[in-house]
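Source file: start.tsv. Holds: TSV, N, CA and C atoms.
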```
chain	number	residue	atom	x	y	z
G	30	MET	N	0.85	-1.18	0.00
G	30	MET	CA	0.00	0.00	0.00
G	30	MET	C	0.88	1.24	0.00
G	31	GLU	N	0.59	2.16	-0.88
G	31	GLU	CA	1.34	3.40	-0.92
G	31	GLU	C	0.80	4.36	0.13
G	32	LEU	N	1.64	5.32	0.50
G	32	LEU	CA	1.25	6.29	1.50
G	32	LEU	C	-0.06	6.97	1.10
G	33	SER	N	-0.23	7.26	-0.16
G	33	SER	CA	-1.43	7.96	-0.61
G	33	SER	C	-2.69	7.14	-0.36
G	34	GLN	N	-2.56	5.85	-0.15
G	34	GLN	CA	-3.72	5.00	0.12
G	34	GLN	C	-3.99	4.87	1.62
G	35	THR	N	-3.13	5.40	2.44
G	35	THR	CA	-3.33	5.37	3.88
G	35	THR	C	-4.00	6.66	4.28
G	36	PRO	N	-5.16	6.57	4.98
G	36	PRO	CA	-5.83	7.82	5.39
G	36	PRO	C	-4.89	8.70	6.21
G	37	ASN	N	-5.01	10.02	6.04
G	37	ASN	CA	-4.11	10.95	6.72
G	37	ASN	C	-4.14	10.80	8.23
G	38	HIS	N	-5.29	10.46	8.81
G	38	HIS	CA	-5.40	10.34	10.25
G	38	HIS	C	-4.86	9.00	10.77
G	39	ALA	N	-4.72	8.03	9.89
G	39	ALA	CA	-4.27	6.69	10.30
G	39	ALA	C	-2.77	6.70	10.55
G	40	LEU	N	-2.40	6.15	11.68
G	40	LEU	CA	-0.98	6.08	12.01
G	40	LEU	C	-0.33	4.90	11.31
G	41	PHE	N	-1.07	3.80	11.21
G	41	PHE	CA	-0.51	2.55	10.68
G	41	PHE	C	-1.07	2.21	9.31
G	42	ASN	N	-0.27	1.49	8.55
G	42	ASN	CA	-0.72	0.85	7.32
G	42	ASN	C	-1.44	-0.44	7.75
G	43	GLU	N	-2.74	-0.49	7.53
G	43	GLU	CA	-3.54	-1.63	7.99
G	43	GLU	C	-3.11	-2.95	7.36
G	44	GLU	N	-2.70	-2.92	6.09
G	44	GLU	CA	-2.26	-4.15	5.43
G	44	GLU	C	-0.99	-4.69	6.10
G	45	LYS	N	-0.08	-3.81	6.45
G	45	LYS	CA	1.16	-4.24	7.12
G	45	LYS	C	0.83	-4.84	8.49
G	46	LEU	N	-0.09	-4.22	9.22
G	46	LEU	CA	-0.45	-4.75	10.53
G	46	LEU	C	-1.14	-6.11	10.40
G	47	ALA	N	-1.97	-6.28	9.40
G	47	ALA	CA	-2.60	-7.58	9.18
G	47	ALA	C	-1.55	-8.64	8.86
G	48	GLU	N	-0.55	-8.24	8.08
G	48	GLU	CA	0.55	-9.15	7.76
G	48	GLU	C	1.33	-9.54	9.02
G	49	LEU	N	1.61	-8.57	9.88
G	49	LEU	CA	2.31	-8.86	11.13
G	49	LEU	C	1.47	-9.79	12.02
G	50	HIS	N	0.17	-9.54	12.07
G	50	HIS	CA	-0.72	-10.39	12.87
G	50	HIS	C	-0.68	-11.82	12.35
G	51	GLN	N	-0.70	-11.97	11.04
G	51	GLN	CA	-0.66	-13.30	10.43
G	51	GLN	C	0.68	-13.99	10.73
G	52	ILE	N	1.78	-13.26	10.58
G	52	ILE	CA	3.11	-13.82	10.86
G	52	ILE	C	3.20	-14.28	12.30
G	53	ALA	N	2.62	-13.50	13.20
G	53	ALA	CA	2.66	-13.82	14.63
G	53	ALA	C	1.67	-14.90	15.01
G	54	GLY	N	0.82	-15.29	14.08
G	54	GLY	CA	-0.19	-16.28	14.39
G	54	GLY	C	-1.12	-15.82	15.49
G	55	GLY	N	-1.30	-14.51	15.59
G	55	GLY	CA	-2.17	-13.95	16.61
G	55	GLY	C	-1.58	-13.92	18.00
G	56	ASN	N	-0.31	-14.29	18.12
G	56	ASN	CA	0.36	-14.33	19.43
G	56	ASN	C	0.62	-12.90	19.92
G	57	LYS	N	-0.18	-12.46	20.88
G	57	LYS	CA	-0.08	-11.09	21.39
G	57	LYS	C	1.28	-10.82	22.02
G	58	ASP	N	1.87	-11.82	22.69
G	58	ASP	CA	3.19	-11.63	23.29
G	58	ASP	C	4.25	-11.34	22.23
G	59	PHE	N	4.18	-12.05	21.12
G	59	PHE	CA	5.13	-11.83	20.03
G	59	PHE	C	4.95	-10.42	19.45
G	60	LEU	N	3.69	-10.01	19.26
G	60	LEU	CA	3.41	-8.67	18.74
G	60	LEU	C	3.88	-7.59	19.70
G	61	THR	N	3.73	-7.84	20.99
G	61	THR	CA	4.21	-6.90	22.00
G	61	THR	C	5.73	-6.80	21.94
G	62	LYS	N	6.40	-7.92	21.71
G	62	LYS	CA	7.86	-7.91	21.59
G	62	LYS	C	8.30	-7.09	20.37
G	63	ILE	N	7.58	-7.21	19.28
G	63	ILE	CA	7.89	-6.41	18.08
G	63	ILE	C	7.78	-4.92	18.42
G	64	ALA	N	6.68	-4.56	19.08
G	64	ALA	CA	6.47	-3.15	19.44
G	64	ALA	C	7.56	-2.66	20.38
G	65	ARG	N	7.89	-3.46	21.38
G	65	ARG	CA	8.93	-3.05	22.34
G	65	ARG	C	10.28	-2.90	21.66
G	66	THR	N	10.60	-3.80	20.75
G	66	THR	CA	11.87	-3.71	20.03
G	66	THR	C	11.92	-2.42	19.22
G	67	TYR	N	10.82	-2.11	18.54
G	67	TYR	CA	10.78	-0.87	17.77
G	67	TYR	C	10.92	0.35	18.69
G	68	LEU	N	10.16	0.35	19.77
G	68	LEU	CA	10.22	1.49	20.70
G	68	LEU	C	11.61	1.67	21.29
G	69	LYS	N	12.27	0.57	21.61
G	69	LYS	CA	13.63	0.65	22.16
G	69	LYS	C	14.57	1.27	21.14
G	70	GLN	N	14.48	0.82	19.90
G	70	GLN	CA	15.34	1.38	18.87
G	70	GLN	C	15.03	2.87	18.68
G	71	PHE	N	13.76	3.22	18.67
G	71	PHE	CA	13.37	4.62	18.53
G	71	PHE	C	13.92	5.44	19.69
G	72	GLU	N	13.72	4.96	20.91
G	72	GLU	CA	14.17	5.70	22.10
G	72	GLU	C	15.69	5.84	22.15
G	73	ASP	N	16.40	4.86	21.60
G	73	ASP	CA	17.87	4.92	21.56
G	73	ASP	C	18.37	5.87	20.48
G	74	LYS	N	17.75	5.83	19.31
G	74	LYS	CA	18.30	6.52	18.14
G	74	LYS	C	17.68	7.89	17.86
G	75	PHE	N	16.43	8.10	18.25
G	75	PHE	CA	15.81	9.39	17.94
G	75	PHE	C	16.50	10.56	18.64
G	76	PRO	N	16.88	10.44	19.91
G	76	PRO	CA	17.64	11.54	20.53
G	76	PRO	C	18.95	11.83	19.80
G	77	GLU	N	19.62	10.78	19.34
G	77	GLU	CA	20.85	10.97	18.56
G	77	GLU	C	20.56	11.72	17.27
G	78	LEU	N	19.44	11.36	16.64
G	78	LEU	CA	19.05	12.03	15.39
G	78	LEU	C	18.77	13.51	15.65
G	79	LYS	N	18.05	13.81	16.71
G	79	LYS	CA	17.76	15.21	17.04
G	79	LYS	C	19.05	15.99	17.28
G	80	GLN	N	19.99	15.38	17.97
G	80	GLN	CA	21.27	16.05	18.22
G	80	GLN	C	22.03	16.26	16.92
G	81	ALA	N	21.99	15.26	16.04
G	81	ALA	CA	22.67	15.39	14.74
G	81	ALA	C	22.06	16.53	13.92
G	82	VAL	N	20.73	16.67	13.99
G	82	VAL	CA	20.07	17.78	13.30
G	82	VAL	C	20.55	19.10	13.88
G	83	GLN	N	20.61	19.20	15.19
G	83	GLN	CA	21.05	20.44	15.84
G	83	GLN	C	22.50	20.77	15.49
G	84	ARG	N	23.35	19.74	15.40
G	84	ARG	CA	24.77	19.95	15.07
G	84	ARG	C	25.00	20.14	13.58
G	85	GLU	N	23.93	19.94	12.80
G	85	GLU	CA	24.03	19.96	11.34
G	85	GLU	C	25.04	18.94	10.84
G	86	ASP	N	25.01	17.76	11.47
G	86	ASP	CA	25.85	16.63	11.07
G	86	ASP	C	25.05	15.85	10.03
G	87	HIS	N	25.16	16.27	8.79
G	87	HIS	CA	24.33	15.75	7.71
G	87	HIS	C	24.50	14.25	7.49
G	88	GLU	N	25.72	13.77	7.59
G	88	GLU	CA	25.95	12.34	7.38
G	88	GLU	C	25.24	11.52	8.46
G	89	GLN	N	25.34	11.96	9.71
G	89	GLN	CA	24.68	11.26	10.82
G	89	GLN	C	23.16	11.35	10.69
G	90	VAL	N	22.65	12.50	10.29
G	90	VAL	CA	21.21	12.65	10.06
G	90	VAL	C	20.75	11.65	9.02
G	91	GLU	N	21.46	11.58	7.92
G	91	GLU	CA	21.10	10.65	6.84
G	91	GLU	C	21.10	9.21	7.34
G	92	GLN	N	22.14	8.80	8.05
G	92	GLN	CA	22.26	7.41	8.50
G	92	GLN	C	21.19	7.05	9.52
G	93	LEU	N	20.99	7.89	10.53
G	93	LEU	CA	20.01	7.59	11.57
G	93	LEU	C	18.58	7.64	11.02
G	94	ALA	N	18.31	8.62	10.16
G	94	ALA	CA	16.98	8.71	9.57
G	94	ALA	C	16.69	7.49	8.69
G	95	HIS	N	17.69	7.03	7.97
G	95	HIS	CA	17.53	5.83	7.14
G	95	HIS	C	17.21	4.62	8.01
G	96	LEU	N	17.94	4.44	9.08
G	96	LEU	CA	17.71	3.32	10.00
G	96	LEU	C	16.29	3.36	10.57
G	97	LEU	N	15.88	4.52	11.05
G	97	LEU	CA	14.56	4.64	11.67
G	97	LEU	C	13.43	4.59	10.64
G	98	LYS	N	13.71	5.00	9.42
G	98	LYS	CA	12.73	4.88	8.34
G	98	LYS	C	12.40	3.41	8.09
G	99	GLY	N	13.44	2.60	7.96
G	99	GLY	CA	13.23	1.17	7.72
G	99	GLY	C	12.52	0.49	8.87
G	100	ALA	N	12.91	0.83	10.09
G	100	ALA	CA	12.26	0.24	11.26
G	100	ALA	C	10.79	0.64	11.31
G	101	SER	N	10.50	1.89	10.95
G	101	SER	CA	9.11	2.37	10.98
G	101	SER	C	8.26	1.65	9.93
G	102	TYR	N	8.80	1.49	8.73
G	102	TYR	CA	8.07	0.75	7.71
G	102	TYR	C	7.79	-0.68	8.18
G	103	SER	N	8.73	-1.29	8.88
G	103	SER	CA	8.57	-2.69	9.27
G	103	SER	C	7.44	-2.91	10.27
G	104	VAL	N	7.05	-1.87	11.01
G	104	VAL	CA	5.92	-2.00	11.94
G	104	VAL	C	4.67	-1.29	11.41
G	105	GLY	N	4.68	-0.92	10.14
G	105	GLY	CA	3.50	-0.34	9.53
G	105	GLY	C	3.31	1.15	9.73
G	106	LEU	N	4.34	1.83	10.23
G	106	LEU	CA	4.24	3.28	10.47
G	106	LEU	C	4.66	4.05	9.21
G	107	GLU	N	3.80	4.00	8.20
G	107	GLU	CA	4.15	4.61	6.92
G	107	GLU	C	4.37	6.11	7.01
G	108	GLN	N	3.47	6.81	7.70
G	108	GLN	CA	3.60	8.26	7.77
G	108	GLN	C	4.85	8.66	8.55
G	109	THR	N	5.15	7.92	9.59
G	109	THR	CA	6.37	8.19	10.36
G	109	THR	C	7.59	7.90	9.49
G	110	ALA	N	7.54	6.80	8.75
G	110	ALA	CA	8.64	6.47	7.84
G	110	ALA	C	8.84	7.57	6.80
G	111	GLU	N	7.76	8.15	6.31
G	111	GLU	CA	7.87	9.24	5.34
G	111	GLU	C	8.55	10.46	5.96
G	112	GLN	N	8.27	10.71	7.24
G	112	GLN	CA	8.94	11.82	7.93
G	112	GLN	C	10.45	11.54	8.04
G	113	PHE	N	10.79	10.31	8.37
G	113	PHE	CA	12.21	9.94	8.43
G	113	PHE	C	12.85	10.04	7.05
G	114	HIS	N	12.08	9.72	6.01
G	114	HIS	CA	12.61	9.85	4.65
G	114	HIS	C	12.92	11.32	4.34
G	115	THR	N	12.06	12.22	4.80
G	115	THR	CA	12.31	13.66	4.62
G	115	THR	C	13.63	14.05	5.29
G	116	LEU	N	13.85	13.53	6.50
G	116	LEU	CA	15.11	13.82	7.20
G	116	LEU	C	16.30	13.19	6.49
G	117	GLU	N	16.12	11.98	6.00
G	117	GLU	CA	17.20	11.30	5.28
G	117	GLU	C	17.60	12.11	4.04
G	118	ARG	N	16.61	12.57	3.29
G	118	ARG	CA	16.90	13.39	2.10
G	118	ARG	C	17.59	14.70	2.50
G	119	ALA	N	17.15	15.29	3.60
G	119	ALA	CA	17.78	16.53	4.08
G	119	ALA	C	19.25	16.28	4.38
G	120	GLY	N	19.55	15.13	4.99
G	120	GLY	CA	20.94	14.78	5.25
G	120	GLY	C	21.73	14.60	3.97
G	121	GLU	N	21.14	13.90	3.02
G	121	GLU	CA	21.81	13.67	1.73
G	121	GLU	C	22.10	14.99	1.03
G	122	GLU	N	21.15	15.91	1.10
G	122	GLU	CA	21.26	17.18	0.38
G	122	GLU	C	21.90	18.28	1.23
G	123	GLU	N	22.32	17.90	2.45
G	123	GLU	CA	22.95	18.83	3.39
G	123	GLU	C	22.08	20.06	3.66
G	124	VAL	N	20.81	19.79	3.89
G	124	VAL	CA	19.84	20.83	4.22
G	124	VAL	C	19.58	20.78	5.72
G	125	SER	N	19.58	21.93	6.37
G	125	SER	CA	19.38	21.99	7.81
G	125	SER	C	18.17	22.82	8.21
G	126	ASP	N	17.58	23.52	7.28
G	126	ASP	CA	16.48	24.44	7.58
G	126	ASP	C	15.15	23.70	7.72
G	127	ASP	N	14.33	24.19	8.63
G	127	ASP	CA	12.95	23.73	8.77
G	127	ASP	C	12.80	22.24	9.08
G	128	LEU	N	13.72	21.67	9.84
G	128	LEU	CA	13.61	20.27	10.20
G	128	LEU	C	12.91	20.06	11.54
G	129	ASP	N	12.83	21.11	12.35
G	129	ASP	CA	12.17	20.97	13.65
G	129	ASP	C	10.71	20.54	13.52
G	130	PRO	N	9.94	21.07	12.58
G	130	PRO	CA	8.55	20.60	12.44
G	130	PRO	C	8.46	19.10	12.10
G	131	VAL	N	9.43	18.61	11.34
G	131	VAL	CA	9.46	17.19	11.00
G	131	VAL	C	9.71	16.37	12.27
G	132	LEU	N	10.67	16.80	13.06
G	132	LEU	CA	10.97	16.11	14.32
G	132	LEU	C	9.75	16.16	15.25
G	133	ASP	N	9.08	17.29	15.31
G	133	ASP	CA	7.89	17.43	16.15
G	133	ASP	C	6.78	16.47	15.70
G	134	THR	N	6.59	16.36	14.40
G	134	THR	CA	5.56	15.46	13.88
G	134	THR	C	5.87	14.02	14.26
G	135	ILE	N	7.13	13.63	14.14
G	135	ILE	CA	7.53	12.27	14.53
G	135	ILE	C	7.23	12.04	16.01
G	136	GLU	N	7.57	12.99	16.85
G	136	GLU	CA	7.31	12.83	18.28
G	136	GLU	C	5.82	12.70	18.56
G	137	GLN	N	5.00	13.47	17.88
G	137	GLN	CA	3.54	13.38	18.06
G	137	GLN	C	3.03	12.01	17.62
G	138	GLN	N	3.54	11.51	16.52
G	138	GLN	CA	3.12	10.19	16.04
G	138	GLN	C	3.54	9.10	17.02
G	139	MET	N	4.72	9.24	17.57
G	139	MET	CA	5.19	8.21	18.51
G	139	MET	C	4.42	8.22	19.82
G	140	GLU	N	3.87	9.36	20.20
G	140	GLU	CA	3.01	9.41	21.39
G	140	GLU	C	1.76	8.56	21.19
G	141	ARG	N	1.34	8.40	19.97
G	141	ARG	CA	0.16	7.59	19.64
G	141	ARG	C	0.48	6.11	19.46
G	142	PHE	N	1.76	5.78	19.25
G	142	PHE	CA	2.14	4.44	18.81
G	142	PHE	C	1.60	3.33	19.70
G	143	SER	N	1.96	3.32	20.97
G	143	SER	CA	1.62	2.18	21.84
G	143	SER	C	0.12	1.98	21.97
G	144	VAL	N	-0.61	3.07	22.16
G	144	VAL	CA	-2.06	2.96	22.33
G	144	VAL	C	-2.70	2.41	21.07
G	145	GLU	N	-2.34	2.96	19.92
G	145	GLU	CA	-2.97	2.52	18.68
G	145	GLU	C	-2.52	1.12	18.27
G	146	TRP	N	-1.27	0.76	18.59
G	146	TRP	CA	-0.78	-0.60	18.31
G	146	TRP	C	-1.63	-1.59	19.08
G	147	ASP	N	-1.77	-1.38	20.38
G	147	ASP	CA	-2.56	-2.29	21.21
G	147	ASP	C	-4.02	-2.33	20.78
G	148	ASP	N	-4.59	-1.16	20.50
G	148	ASP	CA	-5.99	-1.11	20.06
G	148	ASP	C	-6.20	-1.92	18.79
G	149	HIS	N	-5.27	-1.79	17.88
G	149	HIS	CA	-5.40	-2.51	16.61
G	149	HIS	C	-5.43	-4.02	16.82
G	150	PHE	N	-4.46	-4.53	17.56
G	150	PHE	CA	-4.36	-5.98	17.71
G	150	PHE	C	-5.40	-6.54	18.68
G	151	ASP	N	-5.94	-5.71	19.56
G	151	ASP	CA	-7.04	-6.15	20.43
G	151	ASP	C	-8.29	-6.45	19.62
G	152	ARG	N	-8.44	-5.80	18.48
G	152	ARG	CA	-9.60	-6.04	17.62
G	152	ARG	C	-9.58	-7.45	17.03
G	153	PHE	N	-8.42	-8.05	16.92
G	153	PHE	CA	-8.32	-9.39	16.34
G	153	PHE	C	-8.69	-10.48	17.35
G	154	ASN	N	-8.65	-10.15	18.62
G	154	ASN	CA	-8.88	-11.17	19.66
G	154	ASN	C	-10.31	-11.21	20.12
```
Conversion result in structure tokens:
Amino acid sequence: MELSQTPNHALFNEEKLAELHQIAGGNKDFLTKIARTYLKQFEDKFPELKQAVQREDHEQVEQLAHLLKGASYSVGLEQTAEQFHTLERAGEEEVSDDLDPVLDTIEQQMERFSVEWDDHFDRFN
């Protein structure tokens, strides 16, 4: 599913979440582990990314944004992944202006992550 097919208000790509549910065989503990692993990586790397943006360390911005983009896609966070893609491109192009709103959007989306993740998979049970 392309980003344009995901409603603007939706945090997750529903097809990706259905795929994860199928892979997990409905095992809620396994799905919780996936979420925790993603959150741990985000909590470890996002502060580094914010610091790299502040330092205008374009190479580090590109690398960390790329890492977090892939991780976000893997848990169905298409819109968050697109924000990381914006940061990755900014790093590639050595652009430092107007990145704070992108970082703010990512933080807002991550505040919704755990609640919406659990709500989604609770519907399957």
Handout entry: In range 42-153 of chain G, DSSP helix (DSSP H, G or I) residues written as a ChimeraX atom specification
Key = /G:43-52,57-84,87-103,107-121,129-151
For the interface of range 70-118 of chain G with range 39-53 of chain G (cut-off 5 Å, counting all atoms listed in the file), please tabulate each contacting residue of range 70-118 of chain G alongside its nearest pair of atoms and their separation in Å to one decimal, rows sorted by chain and increasing number, as CSV.
```
residue,atom,partner,partner_atom,distance
G:Gly105,C,G:Asn42,N,3.8
G:Leu106,CA,G:Phe41,CA,4.8
G:Glu107,N,G:Asn42,N,4.8
```
Problem - Atomic separation - atom C of Ala81 in chain G relative to atom C of Asp126 in chain G, Å - result: 11.7 Å
Practice task
Considering all atoms listed in the file, return as JSON, numbers by chain whatever protein or nucleic-acid residues lie within 6.5 Å of Gly120 in chain G, sequence-local ones (same chain, fewer than 4 positions apart) excluded.
Solution key: {"G": [86, 87, 88, 90, 91, 115, 116, 124]}
Practice task
Kindly give the distance, in Å, that separates CA of Thr134 in chain G and CA of His114 in chain G, rounded to a single decimal.
Solution key: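 Here the two named atoms are 12.9 Å from each other.
Taking only C-alpha atoms, the non-local environment of Asp133 in chain G within 12 Å (same-chain residues fewer than 6 positions away omitted) comprises G:Phe75, G:Lys79, G:Thr109, G:Gln112, G:Phe113, G:Asp127, G:Met139, G:Glu140.
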Problem - Pairwise distance for atom N of Glu121 in chain G and atom N of Pro76 in chain G, rounded to one decimal in Å - result: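 Distance between the two atoms: 17.8 Å.
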Practice task
Rank G:Glu117, G:Glu72, G:Glu85, G:Glu123 by their smallest atom-to-atom distance to Gly99 in chain G, using only C-alpha atoms, and report the top residue only.
Solution key: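 Using only C-alpha atoms, the shortest distance to Gly99 in chain G belongs to G:Glu117.
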